[in-house]
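What follows is a set of notes on a single structure, which appears directly below.
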Amino acid sequence: MKILVTRRLFPETIERLRGLAEVDYRDLDENLPAAELAQRVVGCAGLMAGLTDRIDAALLAGADGLKVVSNVAVGYNNIDVAACTAAGVMVTNTPGVLNETTADMAWTLLMASARRVVAADAWTRAGNWQGWKFQDPWMGQDVHGATLGILGMGRIGQAVARRAQGFDMRVIYHSRTRPDATSHIPGRAQWVAKERLFSEADFIVLLVPYTPQTHHAVAAPELALMKPTAHLINIARGGVVDDVALIEALRERRIAGAGMDVFEGEPALNPGFRTLDNVTLTPHIGSSTRATRLAMANCAADNLCVALTGQAPPNLINPDVILERVS
Ligand code: NAP
Ligand code: GLV
């Protein structure tokens, strides 16, 4: 039995997999070209994939014995799940273990944007500071007491909402499913229609998965609803925001700022972002602490190992695969 691991993980994860099967380990932390992925997956029963590996029908057509794709990420928009189900391939992800770390990063971007930390740092380093000023050019937005809006109140959205209680914030959110009396929503958060979320919130944090329904969920109409003092934080996925429309809104100061961890077409960066001093940019590092990346690798290895025994793994995204096998 063979497993393909498409990019560098932790040595202990690989050792564990080697106890189970032959491992084709690509000990490189760079994207694997699609053609090489298609070639190396042949003859594999398990695939440990990263969020940059595209798993689609064309790849599956050449991967006859493949039983499981274990994504080392919670988001799985890189995988055509329907094609995997049709091919009898289980798909798993790593939910839960990265909630708190990603929520911390959402708050890091929110605070940095509100108080213009990155631009102020660059300005100070450049030797521009001539003395303390009462009405300095760096007056930002208060976070405490403000209204936080969350689009996508799932696992990470709820972790973001919990943190808002310490800042005495009002929390409103919009998710696909309206809560009922039995739903537990942290921080006394209130479900509102999407338009209300965008017009009332002072800070909007995006935490929806990237799907055909969430493509450009934030585009010109949503940006037009936002207050001129409001900030937008995209820690979800590139493509959830129409980056071109956002750049225009930031350039024209129609909104106050943005914090961006993910981008359309990443790692390419729309050059429009580079010229703006009201956007804070980070390179898709929401889950990036050593402890959390290790937890993600372990979670993905657990999923893979269980799936290869023929059982349903803990984080199975397409249970239909098992049902079809039973029926
Ligand atoms: P989750 O628990 O599945 O939560 C997603 C939420 O989005 C759910 O509340 C869901 O509503 C809502 N949603 C889905 N489609 C929607 C739509 N069309 N309109 C409105 N709401 C919609 O996922 P999670 O674990 O919190 O992760 C969320 C996303 O964050 C991931 O998919 C990933 O892309 C991103 N992420 C990014 C990083 C990073 O490094 N930047 C790190 C981790 C995760 P329902 O409850 O109705 O389904
Ligand atoms: C990171 O972006 C993830 O989806 O885990």
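Residues in the structure tokens are numbered from 1 in each chain, the chains being A, B, ... in the order shown, and ligands are numbered from 1 in the order shown.
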### Message
Hey, which residues sit close to ligand 1? Say within 7 Å, counting only C-alpha atoms and all ligand atoms, and write them as JSON, numbers by chain.
### Response
{"A": [74, 75, 76, 95, 96, 98, 99, 102, 151, 152, 153, 154, 155, 156, 157, 174, 175, 176, 177, 207, 208, 209, 210, 213, 214, 235, 236, 237, 261, 262, 284, 285, 286, 287]}
Expected file: the selected residues, N, CA, C and O atoms, as a compact mmCIF listing (two decimals), in the first residue's frame:
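What follows is the written file selection.txt:
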# COMPACT_ATOMS: atom_id res chain seq x y z
N VAL A 74 -8.74 22.98 6.82
CA VAL A 74 -10.18 22.84 7.05
C VAL A 74 -10.96 23.16 5.78
O VAL A 74 -11.95 22.50 5.45
N GLY A 75 -10.51 24.18 5.05
CA GLY A 75 -11.16 24.53 3.78
C GLY A 75 -10.80 23.47 2.75
O GLY A 75 -9.67 23.00 2.71
N TYR A 76 -11.77 23.10 1.92
CA TYR A 76 -11.49 22.04 0.93
C TYR A 76 -12.00 22.43 -0.45
O TYR A 76 -12.38 21.56 -1.25
N PRO A 95 -11.04 20.05 10.66
CA PRO A 95 -11.80 21.07 11.38
C PRO A 95 -11.48 21.10 12.87
O PRO A 95 -11.03 20.11 13.43
N GLY A 96 -11.72 22.23 13.48
CA GLY A 96 -11.65 22.32 14.95
C GLY A 96 -10.28 22.68 15.49
O GLY A 96 -10.15 23.65 16.24
N LEU A 98 -7.84 24.21 14.42
CA LEU A 98 -7.26 25.52 14.09
C LEU A 98 -8.18 26.69 14.42
O LEU A 98 -7.88 27.84 14.12
N ASN A 99 -9.30 26.41 15.10
CA ASN A 99 -10.28 27.48 15.37
C ASN A 99 -9.67 28.67 16.11
O ASN A 99 -9.82 29.83 15.70
N THR A 102 -6.79 30.62 14.29
CA THR A 102 -7.29 31.42 13.16
C THR A 102 -8.10 32.61 13.68
O THR A 102 -8.01 33.72 13.13
N LEU A 151 -19.54 37.24 8.93
CA LEU A 151 -20.22 36.52 7.84
C LEU A 151 -19.72 35.08 7.88
O LEU A 151 -18.55 34.82 7.55
N GLY A 152 -20.58 34.15 8.31
CA GLY A 152 -20.18 32.74 8.46
C GLY A 152 -19.91 32.42 9.91
O GLY A 152 -18.77 32.44 10.35
N MET A 153 -20.99 32.14 10.67
CA MET A 153 -20.82 31.89 12.11
C MET A 153 -20.65 30.39 12.36
O MET A 153 -21.47 29.74 13.02
N GLY A 154 -19.57 29.84 11.80
CA GLY A 154 -19.27 28.42 12.04
C GLY A 154 -18.29 28.31 13.20
O GLY A 154 -18.30 29.11 14.13
N ARG A 155 -17.44 27.30 13.12
CA ARG A 155 -16.50 27.03 14.22
C ARG A 155 -15.59 28.23 14.48
O ARG A 155 -15.45 28.69 15.62
N ILE A 156 -14.97 28.77 13.43
CA ILE A 156 -14.01 29.87 13.65
C ILE A 156 -14.76 31.18 13.91
O ILE A 156 -14.35 31.98 14.76
N GLY A 157 -15.87 31.37 13.20
CA GLY A 157 -16.68 32.57 13.45
C GLY A 157 -17.07 32.67 14.91
O GLY A 157 -17.04 33.76 15.51
N HIS A 174 -24.25 36.95 10.00
CA HIS A 174 -25.11 36.36 8.98
C HIS A 174 -24.51 35.02 8.57
O HIS A 174 -23.31 34.93 8.34
N SER A 175 -25.33 34.00 8.58
CA SER A 175 -24.94 32.67 8.12
C SER A 175 -26.08 32.14 7.28
O SER A 175 -27.20 32.62 7.39
N ARG A 176 -25.76 31.12 6.49
CA ARG A 176 -26.78 30.53 5.61
C ARG A 176 -27.99 30.07 6.42
O ARG A 176 -29.13 30.34 6.07
N THR A 177 -27.73 29.40 7.54
CA THR A 177 -28.82 28.86 8.35
C THR A 177 -29.19 29.82 9.46
O THR A 177 -28.32 30.23 10.24
N LEU A 207 -15.85 34.59 7.35
CA LEU A 207 -15.45 33.22 7.70
C LEU A 207 -16.37 32.19 7.07
O LEU A 207 -16.74 31.19 7.70
N VAL A 208 -16.74 32.44 5.81
CA VAL A 208 -17.49 31.45 5.05
C VAL A 208 -16.51 30.62 4.22
O VAL A 208 -15.44 31.10 3.86
N PRO A 209 -16.87 29.38 3.90
CA PRO A 209 -16.02 28.62 2.97
C PRO A 209 -16.15 29.20 1.56
O PRO A 209 -17.13 29.90 1.29
N TYR A 210 -15.20 28.90 0.70
CA TYR A 210 -15.31 29.36 -0.68
C TYR A 210 -16.07 28.30 -1.49
O TYR A 210 -15.63 27.16 -1.62
N GLN A 213 -21.55 29.53 -4.20
CA GLN A 213 -22.52 30.47 -3.58
C GLN A 213 -21.80 31.64 -2.89
O GLN A 213 -22.38 32.71 -2.72
N THR A 214 -20.58 31.44 -2.43
CA THR A 214 -19.88 32.53 -1.72
C THR A 214 -18.87 33.26 -2.62
O THR A 214 -18.18 34.16 -2.15
N ILE A 235 -10.36 36.60 6.17
CA ILE A 235 -9.49 35.49 6.60
C ILE A 235 -10.10 34.18 6.13
O ILE A 235 -9.72 33.10 6.59
N ALA A 236 -11.08 34.28 5.20
CA ALA A 236 -11.78 33.08 4.73
C ALA A 236 -11.04 32.45 3.55
O ALA A 236 -10.22 31.54 3.74
N ARG A 237 -11.28 32.94 2.35
CA ARG A 237 -10.61 32.43 1.15
C ARG A 237 -10.60 33.52 0.10
O ARG A 237 -11.53 34.33 0.02
N ASP A 261 -5.88 38.27 4.64
CA ASP A 261 -4.96 37.13 4.78
C ASP A 261 -5.02 36.24 3.54
O ASP A 261 -4.14 35.41 3.33
N VAL A 262 -6.06 36.41 2.73
CA VAL A 262 -6.27 35.55 1.56
C VAL A 262 -6.69 36.42 0.37
O VAL A 262 -7.32 37.47 0.55
N HIS A 284 -1.66 34.41 3.89
CA HIS A 284 -2.45 33.22 4.22
C HIS A 284 -1.81 32.45 5.40
O HIS A 284 -1.39 31.30 5.25
N ILE A 285 -1.77 33.13 6.56
CA ILE A 285 -1.11 32.54 7.74
C ILE A 285 -2.08 32.39 8.91
O ILE A 285 -1.67 32.35 10.06
N GLY A 286 -3.39 32.31 8.59
CA GLY A 286 -4.39 32.24 9.66
C GLY A 286 -4.12 31.14 10.68
O GLY A 286 -4.27 31.35 11.88
N SER A 287 -3.71 29.97 10.24
CA SER A 287 -3.53 28.83 11.16
C SER A 287 -2.06 28.62 11.51
O SER A 287 -1.69 27.60 12.08
### Task
Report the residues of region 59-119 of chain A whose backbone DSSP state falls under helix (DSSP H, G or I), written as a ChimeraX atom specification.
/A:59-61,81-86,99-115,117-119
### Task
Pick out the residues sitting within 8 Å of region 59-72 of chain A, and hand them over as a PyMOL selection string; count only C-alpha atoms, and ignore anything fewer than 6 positions along from it in its own chain.
chain A and resi 38+41-51+83-84+87-94+296-297+300-301+303-304+307-308
### Query
Using only C-alpha atoms, which residues sit within 10 Å of Arg26 (chain A) once same-chain residues fewer than 3 positions away are excluded, as number ranges by chain?
A: 4-9, 23, 29-30, 32
### Task
With a distance cut-off of 12 Å and only C-alpha atoms, select the neighbouring residues of Met226 (chain A), excluding the residue or stretch itself and same-chain residues fewer than 2 positions from it, and output the selection as a ChimeraX atom specification.
/A:149,194-204,218-224,228-232,246,249-250,253-258
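Using only C-alpha atoms and all ligand atoms, the nearest neighbour of ligand 2 within the list A:Leu206, A:Ala217, A:Ala73, A:Leu37 is A:Ala73.
Minimum atom-to-atom distance to Ala268 (chain A), evaluated using only C-alpha atoms, belongs to A:Gly238 out of A:Arg162, A:Gly238, A:Phe167, A:Leu20.
Remark: for Thr289 (chain A), the closest of the candidate residues A:Ala119, A:Leu17, A:Met105, A:Ala161 is A:Met105 (distances computed over only C-alpha atoms).
Distance annotation: of A:Ala82, A:Ala126, A:Met260, A:Ala112, the residue with the minimal separation from Pro319 (chain A) is A:Ala82; atom set is only C-alpha atoms.
Residues in contact with Pro212 (chain A) at 10 Å, where only C-alpha atoms are counted and same-chain residues fewer than 5 positions away are skipped, are listed as Asn77, Ala217, Gly239 and Val240 of chain A.
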Keeping only all heavy atoms, write those residues as a PDB file, in the first residue's frame.
ATOM      1  N   ASN A  77     -11.973  23.718  -0.744  1.00  0.00           N
ATOM      2  CA  ASN A  77     -12.420  24.178  -2.055  1.00  0.00           C
ATOM      3  C   ASN A  77     -11.454  23.771  -3.170  1.00  0.00           C
ATOM      4  O   ASN A  77     -11.751  23.951  -4.340  1.00  0.00           O
ATOM      5  CB  ASN A  77     -12.618  25.696  -2.043  1.00  0.00           C
ATOM      6  CG  ASN A  77     -11.424  26.437  -1.514  1.00  0.00           C
ATOM      7  OD1 ASN A  77     -11.100  26.336  -0.325  1.00  0.00           O
ATOM      8  ND2 ASN A  77     -10.727  27.143  -2.376  1.00  0.00           N
ATOM      9  N   ALA A 217     -18.999  37.053  -2.535  1.00  0.00           N
ATOM     10  CA  ALA A 217     -20.054  37.380  -1.550  1.00  0.00           C
ATOM     11  C   ALA A 217     -19.906  38.823  -1.094  1.00  0.00           C
ATOM     12  O   ALA A 217     -20.870  39.459  -0.668  1.00  0.00           O
ATOM     13  CB  ALA A 217     -19.969  36.440  -0.348  1.00  0.00           C
ATOM     14  N   GLY A 239     -11.396  35.013  -3.327  1.00  0.00           N
ATOM     15  CA  GLY A 239     -12.581  34.776  -4.158  1.00  0.00           C
ATOM     16  C   GLY A 239     -13.867  35.059  -3.409  1.00  0.00           C
ATOM     17  O   GLY A 239     -14.890  35.321  -4.027  1.00  0.00           O
ATOM     18  N   VAL A 240     -13.834  35.028  -2.074  1.00  0.00           N
ATOM     19  CA  VAL A 240     -15.027  35.425  -1.310  1.00  0.00           C
ATOM     20  C   VAL A 240     -15.220  36.935  -1.491  1.00  0.00           C
ATOM     21  O   VAL A 240     -16.341  37.434  -1.553  1.00  0.00           O
ATOM     22  CB  VAL A 240     -14.897  35.038   0.186  1.00  0.00           C
ATOM     23  CG1 VAL A 240     -16.010  35.638   1.014  1.00  0.00           C
ATOM     24  CG2 VAL A 240     -14.870  33.512   0.339  1.00  0.00           C
TER      25      VAL A 240
END
### Message
Please identify the strand (DSSP E or B) residues within region 171-304 of chain A (assignment by DSSP from backbone atoms) and present them as a ChimeraX atom specification.
### Response
/A:171-174,190-191,203-206,218,231-234,241,257-260,279-281
### Query
What gap, in Å, lies between CA of Leu281 (chain A) and CA of Leu28 (chain A)?
25.0 Å
### Message
Quick one: residues within 8 Å of Val171 (chain A), only C-alpha atoms, excluding same-chain residues fewer than 6 positions away - as a PyMOL selection string?
### Response
chain A and resi 147-150+161+164+187-190
### Task
Find, counting only C-alpha atoms, the residue in A:Ile322, A:Ile317, A:Val205, A:Ala58 that gets nearest to Val81 (chain A).
A:Ile317
